[in-house]
Every structure is written in structure tokens, then in C-alpha cells.
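Enquirer: What follows is a structure written as C-alpha cells; I'll ask about it next.
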Amino acid sequence: MDTLLSAHGLRRTAAARLVLGWFLAHPGVSYTHAQLLVALQGAGSGSGVTLDRVTLYRLIDRLTQVGLLLCRVDANRVRRYQAMPESVKAMPHFECQTCHRDSPLVGTLQGNALDLEVAAQNALQALKALGYQGVSLDLAVRGVCADCASAAVGQAAPAYSDSQ
């Protein structure tokens with residue numbers, strides 16, 4: 001992990017190790033700043049690392065700037081952070097408008113994942129050719145997940161009443 005931090009020009013502090021280690025240990029999960037703070041307070045207590053919300057915000061901002069984290073802004077304008085593998089240029093995901101769960105779609109799109117990757121590469125190259133720098137691509141599909149949709153159908157069933 002120290003090599004990864006150094007390679008991206010970051011200091012190898014205990015806080016940086018804790019935060020990056022957390023994301024690397026949970027690669028498919030996205031966290032809001034508040035969720036991450038709660039999770040890390042429990043994880044960091046044994047290591048003697050204490051993080052306040054400002055330090056954590058600055059650290060995840062730096063990790064995002066160097067490309068180690070992916071930051072998404074959902075439909076409610078809430079920032080969510082997730083580990084970003086170096087090899088990934090486009091990470092499609094589904095965001096549920098009801099439960100706000102964020103689900104990666106790479107496995108779901110299996111056959112089309114390569115087409116998506118090629119399209120992402122082409123878009124990024126075109127933007128770089130126009131002079132844009134530090135570009136990344138985020139494909140977000142928004143709607144209601146299957147769990148929330150089936151729960152809504154179950155709640156919408158009319159109740160039978162004998163009093164009529």
C-alpha cells in the first residue's frame with residue numbers, strides 16, 4: 001500500500017493507509033463521507049488512528065484527484081466514493097432512487113462490457129485530443145432496483161375489507 005501511495009505522490013501516513021486500505025478491502029462498495037467516517041472510526045480505533053471529518057474529507061479528495069478513488073454524485077447530489085482500479089476507465093453502475101444502493105453493472109453487462117470499455121476509451125481519447133485533462137467517465141443508470149420494486153408491488157396490493 002505504501003508503494004501505491006508513493007506512486008501517486010501521496011504521503012504514507014497512518015490515516016492514508018487506513019482510508020486506502022478500507023477502500024481496497026471493500027472494492028465493490030461505495031460510501032458517503034458520513035458512512036465512511038463511521039466505518040473508519042470503528043476500524044481505526046485499534047490502530048490508534050483518529051480521523052475527524054475535515055481530515056477525512058481532505059484525504060478522500062486527494063485520493064480521488066490522483067485516481068485511486070472514484071467519486072460519484074447521485075441524483076440527490078450526495079457524493080459517494082469507491083475504490084477505482086487503475087485498469088478501469090468506465091465503471092457503469094445502477095443507482096436505486098428508492099434505497100440509494102449503488103450496484104456495479106460490469107458483471108451484469110458481461111457481453112457488452114468490452115463494447116462499453118472501447119466506447120469509454122474513444123470518448124476519453126477524443127476529449128484529450130481537444131485539450132481536456134484529467135478526464136474520467138462515469139456511466140450511471142438510475143431507476144428502482146428489483147428489491148424495491150417488488151416491495152412496492154407488495155405494499156400496493158389492495159386490502160380486502162368485510163365492512164362494505
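Convention: chains lettered A, B, ... in C-alpha cells order; per-chain residue numbering from 1; ligands numbered from 1 as shown.
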Any idea what's packed within 9 Å of stretch 25-36 of chain A, counting only C-alpha atoms, ignoring anything in its chain fewer than 4 positions away? Could you give it as a list in words?

Expert: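 Once the adjacent positions are removed, what remains is Val19, Leu20, Gly21, Leu40, Gln41, Arg53, Leu56, Tyr57, Ile60, Leu70, Cys71, Arg72, Val78, Arg79, Arg80, Tyr81, Gln82, Ala83, Met84, Pro85, Arg101, Asp102, Ser103 and Pro104 of chain A.
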
Enquirer: Using DSSP assignments from the backbone, pull out every residue in stretch 6-72 of chain A that falls under helix (DSSP H, G or I) and give it to me as a ChimeraX atom specification.

Expert: /A:6-7,14-25,33-44,53-65

Enquirer: Between A:Val66, A:His93, A:Arg77, A:Val153, which residue has the minimum interatomic distance to A:Gly134, considering only C-alpha atoms?

Expert: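 Using only C-alpha atoms, the shortest distance to A:Gly134 belongs to A:Val66.
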
Enquirer: Got a sec to tell me which of stretch 2-104 of chain A DSSP assigns to strand (DSSP E or B), as a list of chain:residue names?

Expert: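 Taking stretch 2-104 of chain A and keeping strand (DSSP E or B) only, one gets A:Tyr31, A:Leu69, A:Leu70, A:Cys71, A:Arg72, A:Val73, A:Arg79, A:Arg80, A:Tyr81, A:Gln82, A:Ala83, A:Ala90, A:His93, A:Phe94, A:Glu95, A:Cys96, A:Asp102, A:Ser103, A:Pro104.
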
Enquirer: To one decimal place, how far is atom CA of A:Ala15 from atom CA of A:Thr55 in Å?

Expert: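 According to the coordinates, atom CA of A:Ala15 and atom CA of A:Thr55 are separated by 8.8 Å.
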
Enquirer: Find the residue from A:Leu105, A:Ala120, A:Leu127, A:Leu10 that sits nearest to A:Leu63; use only C-alpha atoms when measuring.

Expert: A:Leu10

Enquirer: Rounded to one decimal, what separation in Å do you get between atom CA of A:Leu68 and atom CA of A:Thr13?

Expert: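 Distance between the two atoms: 15.7 Å.
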
Enquirer: Any idea what the distance is between atom CA of A:Ala119 and atom CA of A:Gln133?

Expert: 18.1 Å

Enquirer: Write out as a VMD selection string each polymer residue whose atoms come within 6 Å of A:Gln97, counting only C-alpha atoms; drop sequence neighbours fewer than 2 positions from it.

Expert: chain A and resid 100 143 to 144

Enquirer: For the selection you just gave me, I'd like the residues written to a file as a tab-separated table (two decimals), in the first residue's frame, keeping N, CA, C and O atoms.

Expert:
chain	number	residue	atom	x	y	z
A	100	HIS	N	-31.19	3.97	-2.56
A	100	HIS	CA	-29.91	4.62	-2.84
A	100	HIS	C	-28.74	3.65	-2.85
A	100	HIS	O	-27.60	4.06	-2.72
A	143	GLY	N	-32.85	4.31	-11.47
A	143	GLY	CA	-34.20	3.76	-11.50
A	143	GLY	C	-34.51	3.14	-10.15
A	143	GLY	O	-33.97	3.56	-9.14
A	144	VAL	N	-35.36	2.14	-10.14
A	144	VAL	CA	-35.73	1.44	-8.91
A	144	VAL	C	-35.25	0.01	-9.03
A	144	VAL	O	-35.55	-0.67	-10.02
